[in-house]
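coords_10.cif, holding mmCIF, C-alpha atoms and all ligand atoms:
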```cif
data_protein
loop_
_atom_site.label_atom_id
_atom_site.label_comp_id
_atom_site.auth_asym_id
_atom_site.auth_seq_id
_atom_site.Cartn_x
_atom_site.Cartn_y
_atom_site.Cartn_z
CA MET O 1 155.18 -167.99 119.38
CA ALA O 2 155.63 -165.63 116.47
CA ARG O 3 158.26 -165.01 113.82
CA VAL O 4 159.46 -161.47 114.28
CA LEU O 5 161.49 -159.76 111.59
CA LEU O 6 163.40 -156.87 113.15
CA GLY O 7 164.74 -154.03 111.01
CA VAL O 8 167.39 -151.95 112.76
CA SER O 9 168.31 -148.55 111.36
CA GLY O 10 171.14 -146.21 112.26
CA GLY O 11 170.22 -144.39 115.45
CA ILE O 12 171.87 -144.22 118.80
CA ALA O 13 169.01 -146.28 120.31
CA ALA O 14 170.00 -149.33 118.25
CA TYR O 15 171.53 -150.80 121.41
CA LYS O 16 168.01 -151.16 122.86
CA ALA O 17 167.10 -153.48 119.99
CA LEU O 18 169.51 -156.04 121.46
CA GLU O 19 167.50 -156.16 124.67
CA LEU O 20 164.30 -156.40 122.65
CA VAL O 21 165.67 -159.49 120.88
CA ARG O 22 166.60 -161.01 124.23
CA LEU O 23 163.10 -160.36 125.61
CA ALA O 24 161.38 -161.60 122.46
CA THR O 25 163.32 -164.85 122.33
CA ALA O 26 162.82 -165.36 126.08
CA ALA O 27 159.07 -164.96 125.45
CA GLY O 28 159.24 -167.81 122.92
CA HIS O 29 159.36 -165.84 119.66
CA VAL O 30 161.90 -166.42 116.91
CA VAL O 31 163.65 -163.41 115.44
CA ARG O 32 165.58 -162.54 112.30
CA VAL O 33 167.36 -159.21 111.99
CA VAL O 34 168.10 -156.99 109.01
CA GLN O 35 170.26 -153.91 109.55
CA THR O 36 170.91 -150.78 107.56
CA GLU O 37 174.52 -150.05 106.68
CA THR O 38 174.55 -147.07 109.07
CA SER O 39 173.21 -149.11 111.97
CA LEU O 40 176.35 -151.28 111.83
CA SER O 41 178.26 -148.27 113.20
CA PHE O 42 176.03 -148.38 116.29
CA VAL O 43 175.58 -152.12 116.96
CA GLY O 44 177.45 -154.93 115.26
CA ALA O 45 175.71 -157.73 113.39
CA ALA O 46 177.55 -160.31 115.50
CA SER O 47 175.55 -159.33 118.61
CA PHE O 48 172.20 -159.78 116.86
CA ALA O 49 173.38 -163.01 115.22
CA ALA O 50 174.41 -164.42 118.59
CA LEU O 51 171.11 -163.46 120.26
CA THR O 52 168.86 -164.68 117.45
CA GLY O 53 170.89 -167.72 116.43
CA ALA O 54 170.46 -166.66 112.79
CA PRO O 55 172.45 -164.72 110.21
CA VAL O 56 171.97 -160.95 110.05
CA LEU O 57 171.60 -159.35 106.64
CA THR O 58 172.23 -155.83 105.43
CA ASP O 59 172.49 -155.98 101.69
CA GLU O 60 169.93 -157.32 99.26
CA LEU O 61 172.66 -158.86 97.15
CA GLU O 62 174.14 -160.68 100.12
CA ARG O 63 173.52 -164.43 100.18
CA ASP O 64 171.44 -165.54 103.17
CA PRO O 65 172.93 -168.75 104.63
CA ALA O 66 169.51 -169.47 106.19
CA ARG O 67 167.73 -168.86 102.85
CA GLY O 68 165.07 -166.64 104.39
CA ALA O 69 164.12 -169.21 107.04
CA PHE O 70 163.58 -168.31 110.69
CA PRO O 71 165.40 -170.34 113.35
CA ASP O 72 162.38 -172.64 113.80
CA GLN O 73 162.16 -173.40 110.06
CA ALA O 74 164.06 -175.68 107.73
CA PRO O 75 165.68 -173.65 104.94
CA PRO O 76 164.16 -174.24 101.51
CA GLU O 77 165.99 -176.23 98.80
CA HIS O 78 166.53 -173.19 96.59
CA ASP O 79 168.09 -169.77 97.26
CA PRO O 80 165.13 -167.36 97.53
CA LEU O 81 165.30 -163.57 97.36
CA SER O 82 165.95 -162.47 100.93
CA HIS O 83 163.68 -159.46 101.04
CA LEU O 84 160.71 -161.48 99.79
CA GLU O 85 161.31 -164.66 101.74
CA LEU O 86 161.99 -163.01 105.10
CA VAL O 87 158.72 -161.09 105.12
CA ARG O 88 156.81 -164.02 103.68
CA ASN O 89 157.87 -166.05 106.70
CA ALA O 90 157.46 -163.25 109.26
CA ASP O 91 154.29 -162.80 111.36
CA VAL O 92 155.24 -159.22 112.07
CA TYR O 93 157.89 -156.77 110.86
CA LEU O 94 159.19 -154.36 113.49
CA VAL O 95 161.49 -151.51 112.52
CA ALA O 96 163.24 -150.37 115.73
CA PRO O 97 164.83 -147.98 116.00
CA ALA O 98 163.41 -146.27 112.94
CA THR O 99 165.48 -143.23 112.01
CA ALA O 100 163.93 -140.13 110.45
CA ASN O 101 165.70 -141.16 107.25
CA THR O 102 164.29 -144.69 107.22
CA ILE O 103 160.79 -143.42 108.10
CA ALA O 104 161.00 -141.03 105.14
CA LYS O 105 162.01 -143.88 102.85
CA LEU O 106 159.22 -146.11 104.11
CA ALA O 107 156.66 -143.34 103.64
CA HIS O 108 157.79 -142.75 100.07
CA GLY O 109 158.09 -146.41 99.11
CA LEU O 110 161.85 -146.33 98.55
CA ALA O 111 163.52 -149.70 98.45
CA ASP O 112 167.25 -148.99 98.42
CA ASN O 113 168.38 -151.45 101.08
CA LEU O 114 167.20 -154.76 102.51
CA LEU O 115 165.26 -153.13 105.38
CA THR O 116 163.20 -150.89 103.08
CA SER O 117 162.75 -153.48 100.29
CA ALA O 118 161.45 -155.95 102.86
CA ALA O 119 158.99 -153.34 104.15
CA LEU O 120 157.65 -152.79 100.66
CA ALA O 121 157.19 -156.52 100.19
CA ALA O 122 155.65 -157.09 103.63
CA ARG O 123 152.08 -158.32 103.84
CA CYS O 124 152.31 -158.99 107.58
CA PRO O 125 151.61 -156.21 110.15
CA VAL O 126 154.39 -153.59 110.17
CA VAL O 127 155.30 -151.76 113.37
CA VAL O 128 157.62 -148.76 113.26
CA ALA O 129 159.29 -147.47 116.42
CA PRO O 130 160.77 -144.02 115.78
CA ALA O 131 163.77 -142.76 117.71
CA MET O 132 165.41 -139.45 117.04
CA ASN O 133 166.17 -135.98 118.29
CA ASP O 134 163.00 -134.07 119.28
CA GLY O 135 163.53 -131.48 116.55
CA MET O 136 163.68 -134.19 113.89
CA TRP O 137 160.53 -135.82 115.33
CA ALA O 138 158.63 -132.50 115.32
CA HIS O 139 159.79 -131.54 111.81
CA ALA O 140 156.94 -131.15 109.35
CA ALA O 141 158.55 -133.71 107.02
CA THR O 142 158.64 -136.39 109.72
CA VAL O 143 155.12 -135.51 110.90
CA ALA O 144 153.83 -135.92 107.33
CA ASN O 145 155.78 -139.16 106.79
CA VAL O 146 154.40 -140.66 110.00
CA ALA O 147 150.85 -139.64 109.02
CA THR O 148 151.33 -141.28 105.61
CA LEU O 149 152.48 -144.54 107.18
CA ARG O 150 149.64 -144.55 109.70
CA ALA O 151 147.06 -143.85 107.01
CA ARG O 152 148.47 -146.89 105.20
CA GLY O 153 147.84 -149.13 108.20
CA VAL O 154 151.39 -149.19 109.57
CA THR O 155 151.51 -149.05 113.38
CA VAL O 156 153.84 -146.15 114.19
CA LEU O 157 154.54 -146.06 117.92
CA GLU O 158 154.74 -142.81 119.82
CA PRO O 159 158.31 -142.20 120.94
CA GLY O 160 158.88 -141.67 124.63
CA VAL O 161 159.44 -138.26 126.18
CA GLY O 162 162.48 -137.62 128.36
CA ARG O 163 166.26 -137.42 128.17
CA LEU O 164 167.59 -137.77 124.65
CA ALA O 165 170.96 -139.03 123.53
CA SER O 166 172.48 -135.62 122.82
CA LYS O 167 173.96 -134.17 125.95
CA GLY O 168 171.53 -132.11 128.04
CA GLU O 169 168.62 -132.46 125.61
CA GLU O 170 165.12 -133.53 126.59
CA GLY O 171 161.95 -133.99 124.59
CA ALA O 172 159.93 -136.44 122.50
CA GLY O 173 162.02 -138.88 120.51
CA ARG O 174 163.15 -141.68 122.80
CA LEU O 175 162.77 -145.22 121.53
CA PRO O 176 160.12 -146.96 123.66
CA GLU O 177 161.66 -149.36 126.17
CA PRO O 178 162.26 -152.95 124.93
CA GLY O 179 159.34 -154.33 126.99
CA GLU O 180 157.02 -151.79 125.40
CA LEU O 181 158.30 -152.69 121.92
CA LEU O 182 157.59 -156.34 122.58
CA ALA O 183 154.10 -155.49 123.84
CA ALA O 184 153.44 -153.47 120.69
CA VAL O 185 154.59 -156.37 118.52
CA GLU O 186 152.42 -158.83 120.41
CA ALA O 187 149.47 -156.46 120.24
CA VAL O 188 149.40 -156.61 116.43
CA LEU O 189 149.83 -160.37 116.25
CA PRO O 190 146.73 -162.46 115.76
CA ALA O 191 145.66 -163.27 119.32
CA ALA O 192 146.45 -166.70 120.69
CA SER O 193 143.54 -168.86 119.69
CA GLY O 194 141.14 -170.31 122.21
CA GLY O 195 140.64 -167.23 124.43
CA PRO O 196 137.10 -165.95 124.93
CA MET O 197 138.13 -162.45 123.78
CA ASP O 198 140.11 -163.70 120.76
CA GLY O 199 140.88 -160.95 118.30
CA LEU O 200 138.96 -158.27 120.20
CA ARG O 201 140.69 -154.93 120.45
CA VAL O 202 140.40 -153.55 123.96
CA LEU O 203 141.29 -150.00 124.92
CA VAL O 204 141.76 -149.31 128.64
CA SER O 205 142.52 -146.07 130.42
CA ALA O 206 144.29 -146.33 133.76
CA GLY O 207 145.82 -144.17 136.48
CA GLY O 208 145.19 -140.58 137.41
CA THR O 209 145.87 -137.45 135.41
CA ARG O 210 148.04 -134.59 136.68
CA GLU O 211 147.18 -131.02 135.77
CA PRO O 212 150.10 -128.60 136.09
CA ILE O 213 149.89 -125.50 138.29
CA ASP O 214 153.43 -124.39 137.48
CA ALA O 215 156.64 -126.01 136.28
CA VAL O 216 156.88 -128.33 139.31
CA ARG O 217 153.43 -128.58 140.95
CA TYR O 218 150.26 -130.25 139.80
CA VAL O 219 146.71 -131.06 140.84
CA GLY O 220 146.32 -134.84 140.87
CA ASN O 221 144.38 -137.67 142.43
CA ARG O 222 145.17 -140.88 144.29
CA SER O 223 144.48 -143.36 141.50
CA SER O 224 147.36 -145.87 141.22
CA GLY O 225 146.24 -147.48 137.95
CA ARG O 226 145.85 -150.92 139.61
CA MET O 227 142.23 -151.38 138.50
CA GLY O 228 142.98 -150.39 134.89
CA PHE O 229 146.08 -152.59 134.73
CA ALA O 230 144.12 -155.53 136.21
CA LEU O 231 141.52 -155.08 133.45
CA ALA O 232 144.25 -154.96 130.81
CA ASP O 233 145.95 -158.10 132.18
CA GLU O 234 142.66 -159.99 132.30
CA ALA O 235 141.65 -158.93 128.77
CA ALA O 236 145.08 -159.93 127.41
CA ALA O 237 144.84 -163.30 129.21
CA ARG O 238 141.48 -163.83 127.47
CA GLY O 239 143.10 -163.33 124.08
CA ALA O 240 142.34 -159.64 123.39
CA ARG O 241 144.75 -157.17 121.84
CA VAL O 242 145.03 -154.60 124.57
CA THR O 243 146.21 -151.01 124.65
CA VAL O 244 146.36 -149.12 127.93
CA VAL O 245 146.47 -145.35 128.01
CA ALA O 246 148.30 -144.98 131.32
CA ALA O 247 148.27 -141.73 133.25
CA ASN O 248 151.16 -141.65 135.71
CA VAL O 249 151.12 -145.34 136.58
CA ALA O 250 154.17 -146.66 138.45
CA LEU O 251 153.27 -150.36 138.14
CA ALA O 252 155.13 -153.10 136.24
CA ARG O 253 154.26 -153.36 132.54
CA ASN O 254 152.74 -156.53 131.08
CA PRO O 255 154.69 -157.37 127.91
CA ARG O 256 151.44 -158.55 126.27
CA VAL O 257 149.87 -155.11 126.66
CA GLU O 258 150.71 -152.00 124.66
CA VAL O 259 151.09 -149.01 126.98
CA VAL O 260 150.71 -145.38 125.90
CA GLU O 261 152.02 -143.00 128.55
CA VAL O 262 150.16 -139.75 129.23
CA GLU O 263 150.20 -137.18 132.00
CA THR O 264 147.31 -134.73 131.67
CA ALA O 265 143.59 -135.03 130.88
CA ALA O 266 144.24 -133.35 127.54
CA GLU O 267 146.93 -135.92 126.62
CA LEU O 268 144.66 -138.76 127.73
CA GLN O 269 141.88 -137.37 125.56
CA VAL O 270 144.13 -137.21 122.47
CA ALA O 271 145.46 -140.75 123.07
CA CYS O 272 142.00 -142.26 123.63
CA GLU O 273 140.36 -140.43 120.73
CA ALA O 274 143.11 -141.56 118.36
CA ARG O 275 142.52 -145.22 119.27
CA PHE O 276 138.78 -145.28 119.93
CA ASP O 277 137.49 -146.01 116.43
CA GLY O 278 139.71 -149.07 116.19
CA CYS O 279 138.62 -150.63 119.48
CA ASP O 280 135.79 -153.07 120.18
CA VAL O 281 135.73 -152.57 123.93
CA LEU O 282 136.54 -149.41 125.88
CA LEU O 283 137.20 -149.69 129.62
CA MET O 284 137.61 -146.21 131.01
CA ALA O 285 139.11 -146.82 134.45
CA ALA O 286 141.38 -143.76 134.67
CA ALA O 287 140.60 -141.02 137.15
CA VAL O 288 140.55 -138.05 134.79
CA ALA O 289 140.66 -134.57 136.29
CA ASP O 290 137.35 -132.71 136.01
CA PHE O 291 139.09 -129.40 136.57
CA ARG O 292 142.53 -128.04 135.76
CA PRO O 293 144.30 -124.77 136.55
CA ALA O 294 143.02 -122.25 134.04
CA ARG O 295 146.54 -120.88 133.64
CA VAL O 296 149.84 -122.69 134.09
CA ALA O 297 152.40 -120.38 135.67
CA ASP O 298 155.73 -120.05 133.88
CA GLY O 299 158.55 -121.54 135.91
CA LYS O 300 158.04 -122.26 139.61
CA LEU O 301 155.74 -120.04 141.69
CA LYS O 302 157.90 -118.54 144.44
CA LYS O 303 156.36 -118.47 147.91
CA ASP O 304 157.99 -115.17 148.85
CA VAL O 305 156.48 -113.61 145.71
CA VAL O 306 153.03 -115.26 146.06
CA GLY O 307 152.58 -114.42 149.74
CA ASP O 308 150.53 -116.32 152.36
CA GLU O 309 147.67 -117.41 150.12
CA LEU O 310 147.56 -118.81 146.62
CA ALA O 311 144.26 -118.87 144.74
CA VAL O 312 144.36 -121.08 141.65
CA ALA O 313 141.46 -120.53 139.26
CA MET O 314 140.28 -123.86 137.84
CA GLU O 315 138.47 -124.57 134.58
CA ARG O 316 136.52 -127.65 133.45
CA THR O 317 138.33 -130.24 131.40
CA PRO O 318 136.51 -131.85 128.44
CA ASP O 319 134.48 -134.96 129.36
CA VAL O 320 136.51 -137.56 127.47
CA LEU O 321 134.12 -140.46 128.01
CA ALA O 322 131.02 -138.47 127.04
CA GLY O 323 132.83 -137.37 123.87
CA LEU O 324 133.67 -140.97 122.98
CA GLY O 325 130.13 -142.15 123.83
CA ALA O 326 128.72 -139.54 121.45
CA ARG O 327 130.66 -140.98 118.51
CA ARG O 328 130.39 -144.69 119.33
CA ARG O 329 129.70 -147.07 116.48
CA PRO O 330 127.65 -150.28 116.42
CA GLY O 331 129.63 -153.23 117.74
CA GLN O 332 131.48 -151.27 120.41
CA THR O 333 131.02 -151.88 124.14
CA LEU O 334 131.74 -148.95 126.44
CA VAL O 335 132.33 -149.25 130.16
CA GLY O 336 132.78 -146.28 132.48
CA PHE O 337 133.93 -146.18 136.09
CA ALA O 338 132.49 -143.99 138.80
CA ALA O 339 134.37 -143.35 142.02
CA GLU O 340 131.75 -141.99 144.38
CA THR O 341 131.09 -141.74 148.09
CA GLY O 342 127.85 -142.41 149.95
CA ASP O 343 124.41 -143.91 149.36
CA GLU O 344 123.82 -142.12 146.08
CA ALA O 345 126.77 -143.83 144.35
CA VAL O 346 124.74 -146.41 142.41
CA ALA O 347 122.04 -143.91 141.43
CA TYR O 348 124.80 -141.65 140.13
CA GLY O 349 126.24 -144.58 138.13
CA ARG O 350 122.86 -145.18 136.53
CA ARG O 351 122.55 -141.53 135.50
CA LYS O 352 126.09 -141.66 134.05
CA LEU O 353 125.16 -144.79 132.07
CA ALA O 354 122.41 -142.96 130.23
CA ALA O 355 124.04 -139.55 129.93
CA LYS O 356 127.27 -140.86 128.39
CA ARG O 357 125.71 -143.60 126.24
CA LEU O 358 127.55 -146.41 128.05
CA ASP O 359 126.82 -150.13 128.30
CA ALA O 360 128.00 -150.48 131.88
CA VAL O 361 129.23 -148.33 134.72
CA VAL O 362 131.40 -149.83 137.45
CA VAL O 363 130.59 -147.90 140.61
CA ASN O 364 132.83 -148.02 143.62
CA ASP O 365 132.28 -146.27 146.88
CA VAL O 366 135.79 -145.00 147.48
CA ALA O 367 134.97 -144.16 151.10
CA ARG O 368 134.62 -147.87 152.02
CA PRO O 369 137.67 -149.54 153.59
CA GLY O 370 139.57 -151.67 151.06
CA ALA O 371 137.82 -150.15 148.03
CA GLY O 372 138.85 -147.54 145.50
CA PHE O 373 142.19 -145.80 145.19
CA ASP O 374 145.64 -147.20 145.74
CA VAL O 375 144.64 -150.50 147.37
CA PRO O 376 144.90 -153.98 145.80
CA THR O 377 141.24 -154.75 146.54
CA ASN O 378 137.92 -153.30 145.44
CA GLU O 379 134.19 -153.65 146.00
CA VAL O 380 131.97 -152.53 143.16
CA THR O 381 128.49 -152.54 141.69
CA ILE O 382 128.34 -153.05 137.93
CA VAL O 383 125.36 -151.10 136.61
CA THR O 384 123.89 -152.00 133.22
CA ALA O 385 120.58 -151.18 131.52
CA GLY O 386 119.35 -154.61 132.58
CA GLY O 387 120.24 -154.49 136.28
CA GLU O 388 122.98 -154.34 138.86
CA ARG O 389 125.66 -156.84 139.87
CA HIS O 390 127.37 -156.43 143.20
CA VAL O 391 130.96 -157.70 143.50
CA ALA O 392 131.88 -158.06 147.19
CA LEU O 393 135.29 -156.95 148.44
CA THR O 394 137.92 -158.93 146.53
CA SER O 395 141.14 -158.50 144.57
CA LYS O 396 141.16 -156.08 141.66
CA GLY O 397 141.98 -159.07 139.43
CA GLU O 398 138.69 -160.71 140.45
CA VAL O 399 136.83 -157.46 139.92
CA ALA O 400 138.41 -157.20 136.46
CA ALA O 401 137.21 -160.73 135.67
CA ALA O 402 133.66 -159.82 136.75
CA VAL O 403 133.73 -156.67 134.60
CA LEU O 404 134.92 -158.65 131.56
CA ASP O 405 132.29 -161.34 132.18
CA THR O 406 129.70 -158.54 132.05
CA VAL O 407 131.27 -157.23 128.84
CA ALA O 408 131.03 -160.72 127.31
CA GLU O 409 127.35 -160.99 128.29
CA LEU O 410 126.57 -157.51 126.91
CA ARG O 411 128.33 -158.32 123.62
CA ALA O 412 126.52 -161.64 123.28
CA VAL O 413 123.15 -159.88 123.74
CA ALA O 414 124.09 -157.05 121.35
CA SER O 415 125.23 -159.44 118.61
CA ALA O 416 122.08 -161.55 119.02
CA GLU O 417 119.98 -158.39 118.66
CA ALA O 418 121.94 -157.25 115.61
CA ARG O 419 121.16 -160.51 113.79
CA PRO O 420 118.34 -160.18 111.23
C1 LIG H 1 175.97 -140.40 116.63
C2 LIG H 1 174.78 -140.34 115.73
C3 LIG H 1 173.54 -140.63 116.23
C4 LIG H 1 172.41 -140.58 115.43
N1 LIG H 1 171.21 -140.87 115.97
C5 LIG H 1 170.10 -140.78 115.20
C6 LIG H 1 168.82 -141.07 115.76
O1 LIG H 1 168.69 -141.41 116.94
N2 LIG H 1 167.74 -140.96 114.95
C7 LIG H 1 167.84 -140.59 113.65
O2 LIG H 1 166.80 -140.47 112.99
N3 LIG H 1 169.04 -140.33 113.09
C8 LIG H 1 170.17 -140.43 113.83
N4 LIG H 1 171.40 -140.16 113.28
C9 LIG H 1 171.44 -139.85 111.86
C10 LIG H 1 171.35 -141.13 111.02
O3 LIG H 1 172.39 -142.02 111.37
C11 LIG H 1 171.39 -140.79 109.54
O4 LIG H 1 170.20 -140.07 109.19
C12 LIG H 1 171.52 -142.00 108.66
O5 LIG H 1 171.47 -141.59 107.31
C13 LIG H 1 170.42 -143.02 108.91
O6 LIG H 1 170.56 -144.10 108.03
P1 LIG H 1 169.56 -145.34 108.01
O7 LIG H 1 168.19 -144.78 108.18
O8 LIG H 1 169.75 -145.97 106.68
O9 LIG H 1 169.97 -146.24 109.11
C14 LIG H 1 172.53 -140.23 114.06
C15 LIG H 1 173.80 -139.95 113.55
C16 LIG H 1 174.91 -140.00 114.37
C17 LIG H 1 176.25 -139.69 113.77
#
```
Mind turning this structure into structure tokens?
Ligand SMILES: Cc1cc2nc3c(=O)[nH]c(=O)nc-3n(C[C@H](O)[C@H](O)[C@H](O)COP(=O)(O)O)c2cc1C
Amino acid sequence: MARVLLGVSGGIAAYKALELVRLATAAGHVVRVVQTETSLSFVGAASFAALTGAPVLTDELERDPARGAFPDQAPPEHDPLSHLELVRNADVYLVAPATANTIAKLAHGLADNLLTSAALAARCPVVVAPAMNDGMWAHAATVANVATLRARGVTVLEPGVGRLASKGEEGAGRLPEPGELLAAVEAVLPAASGGPMDGLRVLVSAGGTREPIDAVRYVGNRSSGRMGFALADEAAARGARVTVVAANVALARNPRVEVVEVETAAELQVACEARFDGCDVLLMAAAVADFRPARVADGKLKKDVVGDELAVAMERTPDVLAGLGARRRPGQTLVGFAAETGDEAVAYGRRKLAAKRLDAVVVNDVARPGAGFDVPTNEVTIVTAGGERHVALTSKGEVAAAVLDTVAELRAVASAEARP
């Protein structure tokens, strides 16, 4: 259970914050809401008050009937200053949706309403979920403001890409879905105590990348993301803070896991590189394209124009895992996955272990029945410098548990070796 302070600013996506409150309270958290004046034109305070069971505040000079207490707390004897007391009690402060205007204020330290004053006073983790028109999101001012906040340690979520509120418009700027917001909030909370991976930050890649040929076609692979999601679920259950970089995964999202959506190898590379330095464990389960069309055709290639044969020149994509291995720091544990066919699979895994500076490679022979892509089961060999561990055909959840057991053993050995 956590105390979540939610700041709602004046964007069209404010209605999604209602669903977030419903999900958060259903998950056992307690929530207080502060709104900007403009946001009241989009969603009324009465809705948030009803869902949270607590008063909603807008103005710093307004008296808080709950005296800064969350619904699980007894109000103090005195009347504290709302902006100080609310963030003092909060475990996390989420601003969602965050308008371009509010982001600019946060970046510049303005404190002209309760939402921004509270942010300035906050010592708990702050998560900002932008939502705006794609032009506003891409504007140099917003880009700089977001960079400032991130450099200051604020978690600024990537907005979703797709249909925007204004009629007919598409692009980057959608507020992440309520389940994703909750996952992002839970990801920054101190992990539930008692888990064997308590406090560890785990970065997982999952799914299969798609490399566009033209506006409608792509070169892809059969990875469903099941193995990566099983790893993420298992790590979260063991108390880790988990982020999954998900390439085209159509599976249900775990609210305890932060999900970053990507499509191509290049997007996956950017997402993983941005999060790599902050992670303790990297589990690279995504099937990342080795080659992509060297040129993406404008529009859709027409068959009557192309003729009977279409030759698509392919170029190599960067090796994301090798790049991350090259810049690894002490204390990190890196696990790669190798989908191979035939007798040489394990030997290949061992070569990959050395070449990419990994701690373990999970090799699966994708030609075997019940193993590899798009099935709920897998059979793998986990290759480490010290030996090999075969995991017979079983559920991907069990395979994930075996992989994380190996990670725990590797980390125990590494920390023993690091001791003077
Ligand atoms: C219908 C409508 C929708 C809007 N949606 C957004 C939005 O999604 N994101 C955004 O940054 N601004 C949006 N705006 C502009 C903000 O409401 C405006 O910048 C306002 O000053 C934000 O105030 P606040 O940040 O204090 O809530 C919208 C304005 C209108 C009239």
Could I get the residues of chain O with an atom no further than 7 Å from an atom of ligand LIG 1 (chain H), each paired with its nearest atom pair and that distance in Å to one decimal, using only C-alpha atoms and all ligand atoms, sorted by chain and residue number, as JSON lines?
```
{"residue": "O:Ser9", "atom": "CA", "partner": "H:LIG1", "partner_atom": "O9", "distance": 3.6}
{"residue": "O:Gly10", "atom": "CA", "partner": "H:LIG1", "partner_atom": "O9", "distance": 3.4}
{"residue": "O:Gly11", "atom": "CA", "partner": "H:LIG1", "partner_atom": "C6", "distance": 3.6}
{"residue": "O:Ile12", "atom": "CA", "partner": "H:LIG1", "partner_atom": "N1", "distance": 4.4}
{"residue": "O:Ala13", "atom": "CA", "partner": "H:LIG1", "partner_atom": "O1", "distance": 5.9}
{"residue": "O:Thr36", "atom": "CA", "partner": "H:LIG1", "partner_atom": "O9", "distance": 4.9}
{"residue": "O:Glu37", "atom": "CA", "partner": "H:LIG1", "partner_atom": "O8", "distance": 6.3}
{"residue": "O:Thr38", "atom": "CA", "partner": "H:LIG1", "partner_atom": "O9", "distance": 4.7}
{"residue": "O:Ser39", "atom": "CA", "partner": "H:LIG1", "partner_atom": "O9", "distance": 5.2}
{"residue": "O:Ala98", "atom": "CA", "partner": "H:LIG1", "partner_atom": "O2", "distance": 6.7}
{"residue": "O:Thr99", "atom": "CA", "partner": "H:LIG1", "partner_atom": "O2", "distance": 3.2}
{"residue": "O:Ala100", "atom": "CA", "partner": "H:LIG1", "partner_atom": "O2", "distance": 3.8}
{"residue": "O:Asn101", "atom": "CA", "partner": "H:LIG1", "partner_atom": "O7", "distance": 4.5}
{"residue": "O:Thr102", "atom": "CA", "partner": "H:LIG1", "partner_atom": "O7", "distance": 4.0}
{"residue": "O:Ala131", "atom": "CA", "partner": "H:LIG1", "partner_atom": "N2", "distance": 5.2}
{"residue": "O:Met132", "atom": "CA", "partner": "H:LIG1", "partner_atom": "N2", "distance": 3.5}
{"residue": "O:Asn133", "atom": "CA", "partner": "H:LIG1", "partner_atom": "O1", "distance": 6.1}
```
Fewer than 6 positions away in the same chain doesn't count, so skip those; otherwise give me all residues within 10 Å of stretch 225-239 of chain O, counting only C-alpha atoms, as a PyMOL selection string.
chain O and resi 187+190-208+245-259+281+283-287+372-378+395-404
Long-range neighbours of O:Ala49 as a list in words, 8 Å cut-off, only C-alpha atoms, 6 positions minimum in chain
Val33, Pro55 and Val56 of chain O
Need to verify the contact set: O:Cys124, 6 Å, only C-alpha atoms, exclusion of same-chain residues closer than 2 positions in sequence. Can you return it as a ChimeraX atom specification?
/O:91-92,122
I want to know what sits within 7 Å of stretch 151-164 of chain O, based on only C-alpha atoms, with residues of the same chain fewer than 2 positions away left out; could you give that as number ranges by chain?
O: 126-131, 133, 146-149, 166, 169-176
